[in-house]
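Coordinates from query-v2.txt are shown below (compact mmCIF, N, CA and C atoms and all ligand atoms).
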# COMPACT_ATOMS: atom_id res chain seq x y z
N MET P 267 39.86 -83.35 14.51
CA MET P 267 40.43 -83.44 13.16
C MET P 267 41.85 -82.88 13.17
N ASN P 268 42.76 -83.62 12.58
CA ASN P 268 44.15 -83.17 12.56
C ASN P 268 44.51 -82.38 11.31
N THR P 269 43.66 -82.48 10.29
CA THR P 269 43.96 -81.79 9.05
C THR P 269 43.71 -80.30 9.23
N VAL P 270 44.74 -79.52 8.99
CA VAL P 270 44.56 -78.07 9.11
C VAL P 270 44.81 -77.38 7.78
N LEU P 271 44.23 -76.21 7.68
CA LEU P 271 44.38 -75.39 6.49
C LEU P 271 45.77 -74.77 6.49
N LYS P 272 46.47 -74.96 5.37
CA LYS P 272 47.85 -74.47 5.30
C LYS P 272 47.92 -73.13 4.58
N LYS P 273 47.10 -73.02 3.51
CA LYS P 273 47.28 -71.85 2.67
C LYS P 273 46.00 -71.52 1.92
N ILE P 274 45.76 -70.21 1.76
CA ILE P 274 44.62 -69.75 0.97
C ILE P 274 45.16 -68.90 -0.17
N LYS P 275 44.65 -69.19 -1.39
CA LYS P 275 45.09 -68.40 -2.54
C LYS P 275 43.86 -67.94 -3.33
N PHE P 276 44.02 -66.86 -4.06
CA PHE P 276 42.95 -66.41 -4.94
C PHE P 276 43.47 -66.38 -6.38
N PRO P 277 43.30 -67.49 -7.11
CA PRO P 277 43.81 -67.56 -8.48
C PRO P 277 43.13 -66.51 -9.37
N GLU P 278 41.90 -66.16 -9.04
CA GLU P 278 41.15 -65.09 -9.71
C GLU P 278 40.32 -64.46 -8.61
N LYS P 279 39.79 -63.25 -8.86
CA LYS P 279 39.07 -62.63 -7.74
C LYS P 279 37.74 -63.32 -7.44
N PHE P 280 37.31 -64.22 -8.31
CA PHE P 280 36.05 -64.95 -8.06
C PHE P 280 36.31 -66.41 -7.69
N LEU P 281 37.59 -66.76 -7.48
CA LEU P 281 37.93 -68.14 -7.11
C LEU P 281 38.76 -68.15 -5.83
N ILE P 282 38.59 -69.20 -5.05
CA ILE P 282 39.43 -69.37 -3.86
C ILE P 282 39.99 -70.80 -3.84
N GLU P 283 41.28 -70.88 -3.54
CA GLU P 283 41.96 -72.17 -3.51
C GLU P 283 42.50 -72.40 -2.11
N THR P 284 42.37 -73.63 -1.63
CA THR P 284 42.93 -73.95 -0.32
C THR P 284 43.88 -75.14 -0.43
N ILE P 285 44.90 -75.11 0.41
CA ILE P 285 45.86 -76.21 0.49
C ILE P 285 45.90 -76.66 1.95
N TRP P 286 45.84 -77.98 2.12
CA TRP P 286 45.69 -78.54 3.47
C TRP P 286 46.92 -79.34 3.89
N SER P 287 47.01 -79.58 5.20
CA SER P 287 48.21 -80.24 5.75
C SER P 287 48.37 -81.67 5.24
N ASP P 288 47.28 -82.30 4.78
CA ASP P 288 47.40 -83.67 4.27
C ASP P 288 47.63 -83.70 2.76
N GLY P 289 47.84 -82.51 2.18
CA GLY P 289 48.14 -82.46 0.76
C GLY P 289 46.94 -82.20 -0.13
N PHE P 290 45.74 -82.25 0.45
CA PHE P 290 44.54 -81.98 -0.33
C PHE P 290 44.56 -80.52 -0.80
N GLN P 291 44.13 -80.33 -2.03
CA GLN P 291 44.17 -79.01 -2.64
C GLN P 291 42.91 -78.87 -3.49
N ALA P 292 42.21 -77.76 -3.36
CA ALA P 292 40.98 -77.61 -4.13
C ALA P 292 40.66 -76.14 -4.37
N THR P 293 39.92 -75.91 -5.46
CA THR P 293 39.51 -74.56 -5.82
C THR P 293 37.99 -74.54 -5.98
N ILE P 294 37.35 -73.55 -5.37
CA ILE P 294 35.90 -73.39 -5.56
C ILE P 294 35.59 -71.93 -5.90
N LYS P 295 34.34 -71.69 -6.33
CA LYS P 295 33.92 -70.32 -6.59
C LYS P 295 33.66 -69.61 -5.27
N LEU P 296 34.03 -68.35 -5.20
CA LEU P 296 33.79 -67.58 -3.97
C LEU P 296 32.31 -67.51 -3.62
N GLU P 297 31.46 -67.54 -4.64
CA GLU P 297 30.03 -67.45 -4.34
C GLU P 297 29.54 -68.68 -3.57
N ILE P 298 30.22 -69.82 -3.74
CA ILE P 298 29.87 -71.01 -2.96
C ILE P 298 30.17 -70.75 -1.49
N LEU P 299 31.34 -70.14 -1.26
CA LEU P 299 31.74 -69.84 0.12
C LEU P 299 30.71 -68.91 0.76
N ARG P 300 30.34 -67.86 0.03
CA ARG P 300 29.39 -66.89 0.59
C ARG P 300 27.99 -67.49 0.77
N ASP P 301 27.55 -68.24 -0.23
CA ASP P 301 26.21 -68.81 -0.15
C ASP P 301 26.09 -69.85 0.96
N ASN P 302 27.21 -70.34 1.46
CA ASN P 302 27.19 -71.30 2.55
C ASN P 302 27.62 -70.68 3.87
N CYS P 303 27.60 -69.37 3.93
CA CYS P 303 28.00 -68.67 5.16
C CYS P 303 27.24 -69.24 6.35
N PRO P 304 27.97 -69.72 7.37
CA PRO P 304 27.30 -70.39 8.48
C PRO P 304 26.80 -69.45 9.58
N CYS P 305 26.84 -68.14 9.40
CA CYS P 305 26.40 -67.25 10.48
C CYS P 305 24.88 -67.31 10.65
N ALA P 306 24.39 -66.86 11.78
CA ALA P 306 22.98 -66.98 12.11
C ALA P 306 22.09 -66.24 11.11
N ASP P 307 22.51 -65.06 10.68
CA ASP P 307 21.71 -64.28 9.74
C ASP P 307 21.51 -65.01 8.43
N CYS P 308 22.60 -65.52 7.89
CA CYS P 308 22.52 -66.20 6.59
C CYS P 308 21.72 -67.50 6.70
N ASN P 309 21.91 -68.20 7.82
CA ASN P 309 21.15 -69.43 8.04
C ASN P 309 19.66 -69.14 8.04
N GLU P 310 19.29 -68.07 8.73
CA GLU P 310 17.89 -67.71 8.83
C GLU P 310 17.35 -67.35 7.46
N GLU P 311 18.13 -66.57 6.74
CA GLU P 311 17.73 -66.15 5.40
C GLU P 311 17.48 -67.35 4.50
N ARG P 312 18.40 -68.32 4.56
CA ARG P 312 18.27 -69.51 3.71
C ARG P 312 17.06 -70.34 4.11
N ASN P 313 16.80 -70.41 5.42
CA ASN P 313 15.70 -71.26 5.88
C ASN P 313 14.34 -70.65 5.63
N ASN P 314 14.26 -69.33 5.65
CA ASN P 314 12.96 -68.68 5.57
C ASN P 314 12.53 -68.33 4.16
N LYS P 315 13.47 -68.30 3.26
CA LYS P 315 13.13 -67.85 1.92
C LYS P 315 12.71 -69.00 1.02
N PRO P 316 11.53 -68.89 0.40
CA PRO P 316 11.16 -69.94 -0.56
C PRO P 316 12.18 -69.96 -1.70
N LYS P 317 12.52 -71.15 -2.14
CA LYS P 317 13.57 -71.32 -3.15
C LYS P 317 13.37 -70.44 -4.39
N SER P 318 12.13 -70.34 -4.86
CA SER P 318 11.88 -69.63 -6.12
C SER P 318 12.16 -68.14 -6.01
N PHE P 319 12.28 -67.62 -4.81
CA PHE P 319 12.52 -66.18 -4.67
C PHE P 319 14.01 -65.84 -4.55
N ILE P 320 14.83 -66.86 -4.43
CA ILE P 320 16.25 -66.61 -4.23
C ILE P 320 16.85 -65.81 -5.39
N ALA P 321 16.36 -66.10 -6.59
CA ALA P 321 16.88 -65.39 -7.76
C ALA P 321 16.57 -63.89 -7.71
N LEU P 322 15.54 -63.53 -6.98
CA LEU P 322 15.15 -62.12 -6.91
C LEU P 322 15.84 -61.38 -5.76
N ASP P 323 16.66 -62.10 -5.05
CA ASP P 323 17.42 -61.54 -3.95
C ASP P 323 18.06 -60.22 -4.36
N THR P 324 17.94 -59.21 -3.55
CA THR P 324 18.59 -57.95 -3.90
C THR P 324 20.09 -58.17 -3.89
N PHE P 325 20.70 -57.90 -5.00
CA PHE P 325 22.12 -58.17 -5.13
C PHE P 325 22.94 -56.98 -4.66
N LYS P 326 23.76 -57.22 -3.66
CA LYS P 326 24.64 -56.15 -3.18
C LYS P 326 25.96 -56.26 -3.90
N PRO P 327 26.47 -55.13 -4.40
CA PRO P 327 27.78 -55.21 -5.03
C PRO P 327 28.83 -55.68 -4.02
N GLY P 328 29.71 -56.55 -4.47
CA GLY P 328 30.75 -57.03 -3.57
C GLY P 328 30.34 -58.21 -2.73
N LYS P 329 29.12 -58.68 -2.92
CA LYS P 329 28.67 -59.81 -2.11
C LYS P 329 29.58 -61.03 -2.28
N TYR P 330 30.07 -61.22 -3.49
CA TYR P 330 30.90 -62.40 -3.77
C TYR P 330 32.38 -62.06 -3.93
N LEU P 331 32.78 -60.91 -3.37
CA LEU P 331 34.19 -60.55 -3.42
C LEU P 331 34.76 -60.46 -2.01
N ILE P 332 35.96 -60.97 -1.86
CA ILE P 332 36.61 -61.00 -0.55
C ILE P 332 37.47 -59.77 -0.34
N LYS P 333 37.31 -59.17 0.81
CA LYS P 333 38.19 -58.06 1.16
C LYS P 333 39.40 -58.63 1.88
N LYS P 334 39.12 -59.56 2.81
CA LYS P 334 40.20 -60.08 3.65
C LYS P 334 39.72 -61.37 4.30
N ILE P 335 40.65 -62.28 4.58
CA ILE P 335 40.28 -63.47 5.34
C ILE P 335 41.11 -63.54 6.61
N ASN P 336 40.42 -63.58 7.74
CA ASN P 336 41.12 -63.72 9.01
C ASN P 336 41.13 -65.19 9.42
N VAL P 337 42.25 -65.61 10.01
CA VAL P 337 42.30 -66.96 10.55
C VAL P 337 41.97 -66.87 12.04
N VAL P 338 41.02 -67.68 12.47
CA VAL P 338 40.58 -67.66 13.87
C VAL P 338 41.25 -68.82 14.59
N GLY P 339 42.13 -68.50 15.52
CA GLY P 339 42.87 -69.53 16.24
C GLY P 339 43.52 -70.45 15.22
N ASN P 340 43.42 -71.74 15.44
CA ASN P 340 43.95 -72.67 14.45
C ASN P 340 42.84 -73.62 14.01
N TYR P 341 41.62 -73.08 13.95
CA TYR P 341 40.50 -73.98 13.68
C TYR P 341 39.47 -73.42 12.71
N ALA P 342 39.57 -72.15 12.33
CA ALA P 342 38.53 -71.58 11.48
C ALA P 342 39.03 -70.38 10.70
N ILE P 343 38.29 -70.00 9.67
CA ILE P 343 38.56 -68.74 8.99
C ILE P 343 37.31 -67.86 9.07
N SER P 344 37.55 -66.56 8.98
CA SER P 344 36.46 -65.61 9.02
C SER P 344 36.65 -64.59 7.90
N PRO P 345 35.92 -64.76 6.79
CA PRO P 345 36.10 -63.86 5.66
C PRO P 345 35.40 -62.51 5.88
N ILE P 346 36.03 -61.46 5.39
CA ILE P 346 35.37 -60.15 5.36
C ILE P 346 35.05 -59.87 3.89
N TRP P 347 33.76 -59.73 3.60
CA TRP P 347 33.32 -59.55 2.22
C TRP P 347 33.25 -58.08 1.86
N GLU P 348 33.33 -57.81 0.57
CA GLU P 348 33.34 -56.42 0.10
C GLU P 348 32.04 -55.68 0.44
N ASP P 349 30.95 -56.40 0.63
CA ASP P 349 29.70 -55.73 0.99
C ASP P 349 29.59 -55.48 2.50
N GLY P 350 30.67 -55.82 3.23
CA GLY P 350 30.71 -55.51 4.66
C GLY P 350 30.33 -56.67 5.57
N HIS P 351 29.83 -57.77 4.97
CA HIS P 351 29.43 -58.91 5.79
C HIS P 351 30.66 -59.60 6.36
N GLU P 352 30.67 -59.87 7.67
CA GLU P 352 31.87 -60.46 8.27
C GLU P 352 31.59 -61.33 9.48
N SER P 353 30.34 -61.77 9.64
CA SER P 353 30.03 -62.53 10.85
C SER P 353 30.15 -64.04 10.67
N GLY P 354 30.52 -64.48 9.47
CA GLY P 354 30.61 -65.92 9.25
C GLY P 354 31.93 -66.49 9.71
N ILE P 355 31.86 -67.52 10.55
CA ILE P 355 33.08 -68.23 10.96
C ILE P 355 33.00 -69.64 10.42
N TYR P 356 33.97 -70.01 9.60
CA TYR P 356 33.97 -71.32 8.94
C TYR P 356 34.99 -72.23 9.60
N PRO P 357 34.56 -73.17 10.43
CA PRO P 357 35.52 -74.12 11.02
C PRO P 357 36.18 -74.92 9.90
N PHE P 358 37.44 -75.30 10.10
CA PHE P 358 38.18 -76.03 9.06
C PHE P 358 37.42 -77.24 8.54
N GLU P 359 36.77 -77.95 9.46
CA GLU P 359 36.08 -79.17 9.06
C GLU P 359 34.96 -78.86 8.05
N PHE P 360 34.22 -77.82 8.33
CA PHE P 360 33.13 -77.37 7.46
C PHE P 360 33.70 -76.87 6.12
N LEU P 361 34.78 -76.14 6.23
CA LEU P 361 35.43 -75.58 5.04
C LEU P 361 35.94 -76.71 4.13
N ARG P 362 36.56 -77.67 4.75
CA ARG P 362 37.11 -78.79 4.00
C ARG P 362 35.99 -79.53 3.24
N GLU P 363 34.87 -79.70 3.91
CA GLU P 363 33.72 -80.36 3.30
C GLU P 363 33.23 -79.58 2.08
N LEU P 364 33.16 -78.27 2.24
CA LEU P 364 32.74 -77.40 1.13
C LEU P 364 33.65 -77.57 -0.08
N PHE P 365 34.95 -77.58 0.20
CA PHE P 365 35.92 -77.68 -0.89
C PHE P 365 35.91 -79.07 -1.53
N GLU P 366 35.66 -80.10 -0.72
CA GLU P 366 35.59 -81.44 -1.30
C GLU P 366 34.34 -81.58 -2.17
N ARG P 367 33.25 -80.97 -1.73
CA ARG P 367 31.99 -81.09 -2.44
C ARG P 367 31.95 -80.25 -3.71
N HIS P 368 32.60 -79.09 -3.69
CA HIS P 368 32.46 -78.15 -4.81
C HIS P 368 33.75 -77.94 -5.60
N ASN P 369 34.73 -78.80 -5.34
CA ASN P 369 36.02 -78.69 -6.02
C ASN P 369 35.84 -78.61 -7.54
N LEU P 370 36.48 -77.62 -8.16
CA LEU P 370 36.36 -77.44 -9.60
C LEU P 370 37.49 -78.17 -10.32
N SER P 371 37.16 -78.77 -11.46
CA SER P 371 38.20 -79.37 -12.29
C SER P 371 38.90 -78.24 -13.05
N ASN P 372 40.08 -78.52 -13.60
CA ASN P 372 40.79 -77.50 -14.37
C ASN P 372 39.95 -77.00 -15.53
N GLU P 373 39.21 -77.92 -16.13
CA GLU P 373 38.33 -77.56 -17.24
C GLU P 373 37.28 -76.55 -16.80
N GLU P 374 36.67 -76.84 -15.68
CA GLU P 374 35.63 -75.94 -15.15
C GLU P 374 36.22 -74.56 -14.82
N ILE P 375 37.42 -74.57 -14.26
CA ILE P 375 38.07 -73.30 -13.92
C ILE P 375 38.29 -72.48 -15.18
N GLU P 376 38.78 -73.15 -16.25
CA GLU P 376 39.01 -72.43 -17.51
C GLU P 376 37.71 -71.87 -18.06
N ARG P 377 36.64 -72.67 -17.95
CA ARG P 377 35.35 -72.23 -18.48
C ARG P 377 34.85 -71.01 -17.70
N ILE P 378 34.99 -71.03 -16.40
CA ILE P 378 34.54 -69.91 -15.57
C ILE P 378 35.35 -68.65 -15.89
N LYS P 379 36.66 -68.83 -16.08
CA LYS P 379 37.50 -67.68 -16.43
C LYS P 379 37.05 -67.07 -17.75
N ASP P 380 36.72 -67.94 -18.70
CA ASP P 380 36.24 -67.51 -20.01
C ASP P 380 34.97 -66.68 -19.90
N ILE P 381 34.03 -67.20 -19.11
CA ILE P 381 32.75 -66.50 -18.93
C ILE P 381 32.99 -65.11 -18.36
N HIS P 382 33.89 -65.03 -17.36
CA HIS P 382 34.16 -63.72 -16.76
C HIS P 382 34.84 -62.78 -17.74
N LYS P 383 35.72 -63.33 -18.56
CA LYS P 383 36.42 -62.52 -19.55
C LYS P 383 35.42 -61.92 -20.53
N LYS P 384 34.50 -62.78 -20.99
CA LYS P 384 33.51 -62.33 -21.96
C LYS P 384 32.59 -61.28 -21.38
N SER P 385 32.15 -61.48 -20.15
CA SER P 385 31.22 -60.50 -19.57
C SER P 385 31.90 -59.17 -19.34
N LYS P 386 33.21 -59.20 -19.14
CA LYS P 386 33.96 -57.95 -18.96
C LYS P 386 34.05 -57.17 -20.27
N ASN P 387 34.19 -57.91 -21.38
CA ASN P 387 34.35 -57.25 -22.68
C ASN P 387 33.06 -56.65 -23.22
N ASN P 388 31.92 -57.11 -22.69
CA ASN P 388 30.67 -56.61 -23.25
C ASN P 388 30.29 -55.24 -22.68
ZN ZN J 1 26.55 -64.77 7.00
Written as structure tokens, that's how I'd like the structure from this file.
Amino acid sequence: MNTVLKKIKFPEKFLIETIWSDGFQATIKLEILRDNCPCADCNEERNNKPKSFIALDTFKPGKYLIKKINVVGNYAISPIWEDGHESGIYPFEFLRELFERHNLSNEEIERIKDIHKKSKNN
């Protein structure tokens, strides 16, 4: 694949935006990125857990917040999450697919921002 990731931005602390060498640009929720973590531990967790129990998952603070994103060579990114998880390596091809599949419209982004604003005020 010749398309490479050019830039990563965080328009909000719960959103991540990527810009690619072919001009493609997309924003998704950080929780999508984390929930699709391709590392062996997360894969195992997803495969072994019955769907109905996922909601009861023990929630670690910072699970969906990024501390830092490392770029691995010129082919992948490796996010470090606030809860300390850092073993996921996302090849550009996989990342691009995630962003194409979960790309948020401007409307959706505004709605998500609203929800976060409201929950902060309560
Ligand atoms: Zn993982």
6 Å shell around ligand ZN 1 (chain J) using only N, CA and C atoms and all ligand atoms, listed as a tab-separated table (two decimals) with N, CA and C atoms, in the coordinates of the input:
chain	number	residue	atom	x	y	z
P	303	CYS	N	27.60	-69.37	3.93
P	303	CYS	CA	28.00	-68.67	5.16
P	303	CYS	C	27.24	-69.24	6.35
P	304	PRO	N	27.97	-69.72	7.37
P	304	PRO	CA	27.30	-70.39	8.48
P	304	PRO	C	26.80	-69.45	9.58
P	305	CYS	N	26.84	-68.14	9.40
P	305	CYS	CA	26.40	-67.25	10.48
P	305	CYS	C	24.88	-67.31	10.65
P	306	ALA	N	24.39	-66.86	11.78
P	306	ALA	CA	22.98	-66.98	12.11
P	306	ALA	C	22.09	-66.24	11.11
P	307	ASP	N	22.51	-65.06	10.68
P	307	ASP	CA	21.71	-64.28	9.74
P	307	ASP	C	21.51	-65.01	8.43
P	308	CYS	N	22.60	-65.52	7.89
P	308	CYS	CA	22.52	-66.20	6.59
P	308	CYS	C	21.72	-67.50	6.70
P	309	ASN	N	21.91	-68.20	7.82
P	309	ASN	CA	21.15	-69.43	8.04
P	309	ASN	C	19.66	-69.14	8.04
P	353	SER	N	30.34	-61.77	9.64
P	353	SER	CA	30.03	-62.53	10.85
P	353	SER	C	30.15	-64.04	10.67
P	354	GLY	N	30.52	-64.48	9.47
P	354	GLY	CA	30.61	-65.92	9.25
P	354	GLY	C	31.93	-66.49	9.71
Between P:Glu278, P:Glu297, P:Glu311, P:Glu359, which one has atoms that come closest to Trp347 in chain P, using only C-alpha atoms?
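The shortest atom-to-atom distance to Trp347 in chain P comes from P:Glu297.
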DSSP alpha helix (DSSP H) residues within chain P, listed as a PyMOL selection string
chain P and resi 296-301+306-314+358-368+372-387
Those in chain P with strand (DSSP E or B) from DSSP, as an NGL selection string:
:P and (271-275 or 281-286 or 291-295 or 332-338 or 342-347 or 356-357)
What residues have an atom no more than 6.5 Å from (37.2, -61.4, -7.2) in the file's own frame, counting only N, CA and C atoms, and can you write them as a list in words?
Glu278, Lys279, Phe280, Leu281, Tyr330, Leu331 and Ile332 of chain P
Just the number, please: distance in Å from atom N of Leu271 in chain P to atom N of Gly328 in chain P, one decimal.
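We find that atom N of Leu271 in chain P and atom N of Gly328 in chain P lie 27.3 Å from each other.
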So which residues touch range 362-365 of chain P within 6.5 Å, counting only N, CA and C atoms, skipping near sequence neighbours fewer than 4 positions away, as a PyMOL selection string?
chain P and resi 292-294+357-358+369
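The two atoms in question, atom N of Ile375 in chain P and atom N of Lys295 in chain P, are spaced 9.0 Å apart.
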Let me have the centre and edge lengths of the axis-aligned box enclosing all listed atoms of range 330-347 of chain P with 5 Å padding on every side, in Å to one decimal, as AutoDock Vina command-line options.
--center_x 37.0 --center_y -66.0 --center_z 6.2 --size_x 23.9 --size_y 25.9 --size_z 30.2
Point-to-point distance in Å for CA of Leu370 in chain P and atom C of Ile335 in chain P:
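Value for the atom C of Ile335 in chain P-CA of Leu370 in chain P distance: 21.9 Å.
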